[in-house]
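Engineer: Okay, handing you the structure first.
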Amino acid sequence: APVSYDVVVVGSGGAGLAAAIQAHDDGARVVIIEKMPTIGGNTIKASVGMNAAETRYQRLKGIEDSKELFYEETLKGGKFKNNPVLLREFVEQAPGAIDWLTDKGIELCDITITGGMSIDRTHRPEDRSAVGGFLISGLVKNVNQRNIEVLLETSVAEILFENGAVSGVKVVDEYNDSRILNAKSVIVATGGFSANREMVVKYRPELDGFVTTNHKGATGSGIAMLQKIGADTVDMGEIQIHPTVEQTTSYLISEAIRGGGAILVSQAGKRFFNEMETRDKVSAEIIALPEKSAWIMFDEQVRLNNKAADEYIAKGFVISAPTPHELAVKLNMDQETLQTTLNRYNQFVEQQNDEDFGRKTALRHPLNHGPYYAIRIAPGVHHTMGGVTINTDTAVLDAQKQVIPGAWAAGEVVGGIHGANRIGGNAVADIIIFGIKAGRNAAALALG
Ligand code: ADP
């Protein structure tokens, strides 16, 4: 006999876990279905942090910010393609989502900045480590404390639809056995499709051959399942390539390194662009270089301020040397050119004015403390901005913009919030903000 729940959550990334916790706390019987053998989805790889404006942590640090500015900068970064209603809701709910995490024992109290933003509003763990692992372990702890059921290595193969509403899901387990789970609410939090080469190339043929930063489970299955019950999609061709990916391992080099003061240098030993521009623009400039790759370069002071840097050193990505000259030799780069580049950049930091490329943020300190470090990077497929359409309640919409009763979606599976280019730090905000909402509304519907 089929098992019944109030709410089935598909996917155990940040959106799914937040949704499950909220739905449980609102009184619903919840199950989380995850096709991979481990919890955390692609969220566990999130590096830089969670954007929010007008938060308690910004106030504590004396950072003046406004939701309005956050809205405008996200819209500009998204090339004005963002869904304005969803984006407004996003900036409005962001500080509340930071507080929701704090209440769950997940404190993002250090603050940095990402490309396309003018103000420090990227919240991260106090020890400045990557946000993904910290967030997932905190959420999993909350899931366990509540005894919320999690089925691993189990895929949702189909969303069931009867008499004009969602009625449950069909799941397939690791032994290929399938069964039905009944539920009035199904929250689809299956993430994006960056790891589905065929789907990426279908929408963007020129991305054939690019590496991806995503985990294997980012296949876009949730989009297809929702389309089958009538969901509409938006912006499917808007696929973000991240500029700084280590190519032999597809490992993402966090934007926090540039936010902490690193620069990008070409094989010719020169800076070539404003490193703090949005991801699409920085990626395009790297691809335009003759070698289609670049070096992310920093000094000891930047390393000390970013825990991730030590991780990259441990992984063997980093070439280091006590002086710029010795570094240039190791990189097969002209010594004088590199020294001139560093001197010139350091002068821009002193005067807080980048005369060459107009970098306005993260001119943190001169790069003059050895050792010096460099990582070879090039762009990789990183985030799919497109996805299914929802309203501000996270209810999935059909082509007539009508709600599909019982179908909810949150996180990267949703399209429209980020427009044509997602800002670093906005994905974690998205999954938590809309994950909480999905959990609340899905529980309310199921509990009637
Ligand atoms: P978000 O950032 O939106 O929360 P993530 O990529 O972090 O998304 O997490 C999505 C999760 O959903 C991944 O762990 C992925 O393996 C899982 N997933 C994707 N499709 C299915 C499916 N059909 N059934 C169960 N789990 C799925």
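Each chain in the structure tokens gets a letter, A, B, ..., in the order shown, and its residues are numbered from 1; ligands are numbered from 1 in order too.
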Which chains and residue numbers are within 6 Å of ligand 1, counting only C-alpha atoms and all ligand atoms, if I want them as a PyMOL selection string?
Structural biologist: chain A and resi 10-16+33-36+40-43+155-157+189-191+217-218+221-222+411-413+431
Engineer: With C-alpha atoms kept, could you save the residues just selected as a PDB file, in the first residue's frame?
Structural biologist:
ATOM      1  CA  VAL A  10      12.574  16.352  -3.996  1.00  0.00           C
ATOM      2  CA  GLY A  11      16.278  17.142  -3.609  1.00  0.00           C
ATOM      3  CA  SER A  12      18.497  17.644  -0.566  1.00  0.00           C
ATOM      4  CA  GLY A  13      20.377  20.816  -1.521  1.00  0.00           C
ATOM      5  CA  GLY A  14      19.924  24.044   0.417  1.00  0.00           C
ATOM      6  CA  ALA A  15      16.451  24.702  -0.988  1.00  0.00           C
ATOM      7  CA  GLY A  16      15.140  21.219  -0.208  1.00  0.00           C
ATOM      8  CA  ILE A  33      14.018  12.262  -1.528  1.00  0.00           C
ATOM      9  CA  GLU A  34      17.621  12.435  -2.818  1.00  0.00           C
ATOM     10  CA  LYS A  35      18.879  10.526  -5.833  1.00  0.00           C
ATOM     11  CA  MET A  36      22.558  10.758  -4.929  1.00  0.00           C
ATOM     12  CA  GLY A  40      23.836  18.468  -0.009  1.00  0.00           C
ATOM     13  CA  GLY A  41      23.470  18.660  -3.773  1.00  0.00           C
ATOM     14  CA  ASN A  42      25.409  21.329  -5.511  1.00  0.00           C
ATOM     15  CA  THR A  43      24.845  23.656  -2.563  1.00  0.00           C
ATOM     16  CA  SER A 155      15.022   9.289  -7.459  1.00  0.00           C
ATOM     17  CA  VAL A 156      11.707  10.864  -8.062  1.00  0.00           C
ATOM     18  CA  ALA A 157      10.833   9.634 -11.568  1.00  0.00           C
ATOM     19  CA  ALA A 189      14.158  21.441  -5.252  1.00  0.00           C
ATOM     20  CA  THR A 190      16.226  19.470  -7.752  1.00  0.00           C
ATOM     21  CA  GLY A 191      18.737  22.199  -8.649  1.00  0.00           C
ATOM     22  CA  GLY A 217      23.294  15.220  -9.852  1.00  0.00           C
ATOM     23  CA  ALA A 218      22.732  18.606 -11.549  1.00  0.00           C
ATOM     24  CA  SER A 221      15.330  16.249 -14.056  1.00  0.00           C
ATOM     25  CA  GLY A 222      12.962  18.397 -11.995  1.00  0.00           C
ATOM     26  CA  GLY A 411      16.179  26.974  -5.779  1.00  0.00           C
ATOM     27  CA  GLU A 412      18.103  26.625  -9.002  1.00  0.00           C
ATOM     28  CA  VAL A 413      15.288  24.632 -10.651  1.00  0.00           C
ATOM     29  CA  ILE A 431      17.623  28.764  -2.068  1.00  0.00           C
TER      30      ILE A 431
END
Engineer: Name the residues in contact with Asn426 in chain A at a cut-off of 7 Å, using only C-alpha atoms, excluding same-chain residues fewer than 4 positions from it; report them as a list of chain:residue names.
Structural biologist: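 In the requested format, the answer is A:Met50, A:Asn51, A:Arg422, A:Asp430.
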Engineer: Go ahead and write the residues just picked, N, CA, C and O atoms, as a compact mmCIF listing (two decimals), in the first residue's frame.
Structural biologist:
# COMPACT_ATOMS: atom_id res chain seq x y z
N MET A 50 26.26 34.33 1.25
CA MET A 50 24.83 34.60 1.04
C MET A 50 24.58 36.11 1.09
O MET A 50 24.81 36.75 2.12
N ASN A 51 24.09 36.65 -0.02
CA ASN A 51 23.85 38.09 -0.07
C ASN A 51 22.54 38.47 0.64
O ASN A 51 21.54 37.77 0.51
N ARG A 422 23.64 35.57 -12.89
CA ARG A 422 23.49 35.54 -11.44
C ARG A 422 24.71 36.16 -10.76
O ARG A 422 25.84 35.88 -11.12
N ASP A 430 18.88 32.85 -2.63
CA ASP A 430 17.70 32.34 -3.35
C ASP A 430 17.19 31.04 -2.72
O ASP A 430 16.00 30.90 -2.40
Engineer: Identify, on the basis of only C-alpha atoms, every residue whose closest approach to range 72-80 of chain A does not exceed 12 Å; exclude the query and any residue fewer than 2 positions from it along the same chain; express the result as a CSV table (one decimal) with C-alpha atoms, in the first residue's frame.
Structural biologist:
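Below is the file that was written, part.csv:
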chain,number,residue,atom,x,y,z
A,51,ASN,CA,23.8,38.1,-0.1
A,52,ALA,CA,21.4,40.2,1.9
A,53,ALA,CA,20.9,43.9,2.6
A,65,ASP,CA,23.2,49.2,2.8
A,66,SER,CA,19.7,49.3,1.4
A,67,LYS,CA,17.3,46.7,-0.1
A,68,GLU,CA,16.7,49.1,-2.9
A,69,LEU,CA,20.4,49.2,-3.8
A,70,PHE,CA,20.6,45.4,-3.6
A,82,ASN,CA,15.2,39.4,-13.9
A,83,ASN,CA,11.5,38.9,-13.0
A,84,PRO,CA,10.9,42.1,-11.0
A,85,VAL,CA,8.2,40.7,-8.8
A,86,LEU,CA,10.3,37.7,-7.7
A,87,LEU,CA,13.4,39.8,-7.3
A,88,ARG,CA,11.6,42.3,-5.1
A,90,PHE,CA,14.0,38.1,-2.9
A,91,VAL,CA,15.6,41.4,-1.5
A,114,THR,CA,31.3,39.7,-4.9
A,115,GLY,CA,31.5,41.0,-8.5
A,116,GLY,CA,28.7,43.4,-9.5
A,117,MET,CA,28.0,44.6,-6.0
A,118,SER,CA,29.1,47.9,-4.5
A,119,ILE,CA,28.7,47.1,-0.9
A,121,ARG,CA,26.7,42.2,1.7
A,235,ASP,CA,15.3,31.9,-19.6
A,238,GLU,CA,20.7,31.9,-19.7
A,239,ILE,CA,23.6,29.7,-18.6
A,240,GLN,CA,26.3,31.2,-16.5
A,276,MET,CA,35.2,42.6,-9.9
A,277,GLU,CA,33.0,42.9,-12.9
A,278,THR,CA,30.1,40.4,-13.2
A,279,ARG,CA,30.9,36.7,-14.0
A,280,ASP,CA,29.7,36.9,-17.6
A,281,LYS,CA,31.9,39.8,-18.5
A,385,MET,CA,19.5,30.9,-14.4
A,386,GLY,CA,16.5,29.5,-16.4
A,416,GLY,CA,13.6,34.3,-13.6
A,417,ILE,CA,15.1,35.6,-10.4
A,418,HIS,CA,18.6,36.1,-11.6
A,419,GLY,CA,17.8,37.2,-15.2
A,420,ALA,CA,20.7,36.8,-17.6
A,421,ASN,CA,23.5,36.6,-15.1
A,422,ARG,CA,23.5,35.5,-11.4
A,423,ILE,CA,25.5,37.6,-9.0
A,424,GLY,CA,27.9,35.6,-6.7
A,425,GLY,CA,26.2,35.1,-3.3
A,426,ASN,CA,22.7,35.4,-4.7
A,427,ALA,CA,22.2,31.6,-5.2
Engineer: Excluding Gly237 in chain A and its own-chain neighbours fewer than 3 positions away, which residues fall within 12 Å of it when counting only C-alpha atoms? Please give them as a PyMOL selection string.
Structural biologist: chain A and resi 193-194+199-207+233-234+240+383-387+415-416+419-421
Engineer: Got time to write the residues from that selection, N, CA and C atoms, as an mmCIF file, in the first residue's frame?
Structural biologist:
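Just written: part_24.cif:
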data_model
loop_
_atom_site.group_PDB
_atom_site.id
_atom_site.type_symbol
_atom_site.label_atom_id
_atom_site.label_comp_id
_atom_site.auth_asym_id
_atom_site.auth_seq_id
_atom_site.Cartn_x
_atom_site.Cartn_y
_atom_site.Cartn_z
ATOM 1 N N PHE A 193 20.841 22.412 -14.216
ATOM 2 C CA PHE A 193 21.212 21.361 -15.174
ATOM 3 C C PHE A 193 22.612 21.539 -15.761
ATOM 4 N N SER A 194 23.501 22.204 -14.997
ATOM 5 C CA SER A 194 24.856 22.447 -15.515
ATOM 6 C C SER A 194 25.625 21.174 -15.835
ATOM 7 N N MET A 199 21.709 18.886 -22.387
ATOM 8 C CA MET A 199 20.721 19.948 -22.168
ATOM 9 C C MET A 199 21.379 21.333 -22.286
ATOM 10 N N VAL A 200 22.601 21.459 -21.763
ATOM 11 C CA VAL A 200 23.327 22.733 -21.864
ATOM 12 C C VAL A 200 23.553 23.079 -23.332
ATOM 13 N N VAL A 201 24.037 22.092 -24.089
ATOM 14 C CA VAL A 201 24.375 22.337 -25.492
ATOM 15 C C VAL A 201 23.119 22.581 -26.338
ATOM 16 N N LYS A 202 22.006 21.967 -25.918
ATOM 17 C CA LYS A 202 20.738 22.205 -26.626
ATOM 18 C C LYS A 202 20.387 23.700 -26.619
ATOM 19 N N TYR A 203 20.588 24.319 -25.444
ATOM 20 C CA TYR A 203 20.235 25.733 -25.343
ATOM 21 C C TYR A 203 21.383 26.658 -25.724
ATOM 22 N N ARG A 204 22.622 26.164 -25.569
ATOM 23 C CA ARG A 204 23.792 27.018 -25.845
ATOM 24 C C ARG A 204 24.886 26.190 -26.536
ATOM 25 N N PRO A 205 24.736 25.993 -27.847
ATOM 26 C CA PRO A 205 25.670 25.124 -28.582
ATOM 27 C C PRO A 205 27.136 25.504 -28.377
ATOM 28 N N GLU A 206 27.421 26.776 -28.185
ATOM 29 C CA GLU A 206 28.828 27.202 -28.077
ATOM 30 C C GLU A 206 29.474 26.760 -26.756
ATOM 31 N N LEU A 207 28.680 26.201 -25.841
ATOM 32 C CA LEU A 207 29.272 25.753 -24.562
ATOM 33 C C LEU A 207 29.706 24.285 -24.623
ATOM 34 N N THR A 233 8.436 27.265 -18.558
ATOM 35 C CA THR A 233 9.832 27.586 -18.220
ATOM 36 C C THR A 233 10.175 28.976 -18.749
ATOM 37 N N VAL A 234 11.270 29.509 -18.225
ATOM 38 C CA VAL A 234 11.713 30.840 -18.653
ATOM 39 C C VAL A 234 13.249 30.885 -18.655
ATOM 40 N N GLN A 240 25.173 30.400 -16.916
ATOM 41 C CA GLN A 240 26.332 31.172 -16.465
ATOM 42 C C GLN A 240 27.613 30.355 -16.528
ATOM 43 N N HIS A 383 26.112 27.757 -13.541
ATOM 44 C CA HIS A 383 24.769 27.961 -12.978
ATOM 45 C C HIS A 383 23.781 28.138 -14.119
ATOM 46 N N THR A 384 22.610 27.524 -13.964
ATOM 47 C CA THR A 384 21.577 27.704 -14.980
ATOM 48 C C THR A 384 20.512 28.633 -14.409
ATOM 49 N N MET A 385 20.466 29.838 -14.964
ATOM 50 C CA MET A 385 19.534 30.852 -14.446
ATOM 51 C C MET A 385 18.093 30.519 -14.813
ATOM 52 N N GLY A 386 17.892 29.826 -15.932
ATOM 53 C CA GLY A 386 16.543 29.495 -16.372
ATOM 54 C C GLY A 386 15.957 28.340 -15.580
ATOM 55 N N GLY A 387 14.661 28.122 -15.766
ATOM 56 C CA GLY A 387 13.997 27.026 -15.070
ATOM 57 C C GLY A 387 12.503 27.219 -15.100
ATOM 58 N N GLY A 415 13.377 29.495 -12.678
ATOM 59 C CA GLY A 415 13.949 30.524 -13.541
ATOM 60 C C GLY A 415 13.405 31.903 -13.225
ATOM 61 N N GLY A 416 14.148 32.922 -13.628
ATOM 62 C CA GLY A 416 13.618 34.284 -13.600
ATOM 63 C C GLY A 416 14.217 35.216 -12.573
ATOM 64 N N GLY A 419 17.745 36.608 -13.847
ATOM 65 C CA GLY A 419 17.819 37.201 -15.174
ATOM 66 C C GLY A 419 18.892 36.538 -16.019
ATOM 67 N N ALA A 420 19.719 37.361 -16.675
ATOM 68 C CA ALA A 420 20.700 36.831 -17.619
ATOM 69 C C ALA A 420 22.055 36.559 -16.975
ATOM 70 N N ASN A 421 22.220 36.882 -15.718
ATOM 71 C CA ASN A 421 23.502 36.645 -15.060
ATOM 72 C C ASN A 421 23.311 36.682 -13.553
#
Engineer: Within 10 Å of Ala308 in chain A, counting only C-alpha atoms, which residues show up once you throw out same-chain ones fewer than 6 positions away? Write them as a list of chain:residue names, please.
Structural biologist: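 Non-adjacent residues within range: A:Ser47, A:Val48, A:Arg128, A:Ser129, A:Ala130, A:Ile253, A:Ser254, A:Ala256, A:Ile257, A:Ala314.
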Engineer: Could you dump the residues just selected with C-alpha atoms as a PDB file, in the first residue's frame?
Structural biologist:
ATOM      1  CA  SER A  47      31.827  29.026  -1.971  1.00  0.00           C
ATOM      2  CA  VAL A  48      31.412  32.698  -1.424  1.00  0.00           C
ATOM      3  CA  ARG A 128      35.683  32.877   6.474  1.00  0.00           C
ATOM      4  CA  SER A 129      35.402  29.341   5.174  1.00  0.00           C
ATOM      5  CA  ALA A 130      33.307  28.357   2.165  1.00  0.00           C
ATOM      6  CA  ILE A 253      38.214  29.005  -7.331  1.00  0.00           C
ATOM      7  CA  SER A 254      35.964  31.162  -5.178  1.00  0.00           C
ATOM      8  CA  ALA A 256      36.037  35.400  -2.380  1.00  0.00           C
ATOM      9  CA  ILE A 257      39.700  35.364  -3.443  1.00  0.00           C
ATOM     10  CA  ALA A 314      46.499  21.685  -0.190  1.00  0.00           C
TER      11      ALA A 314
END
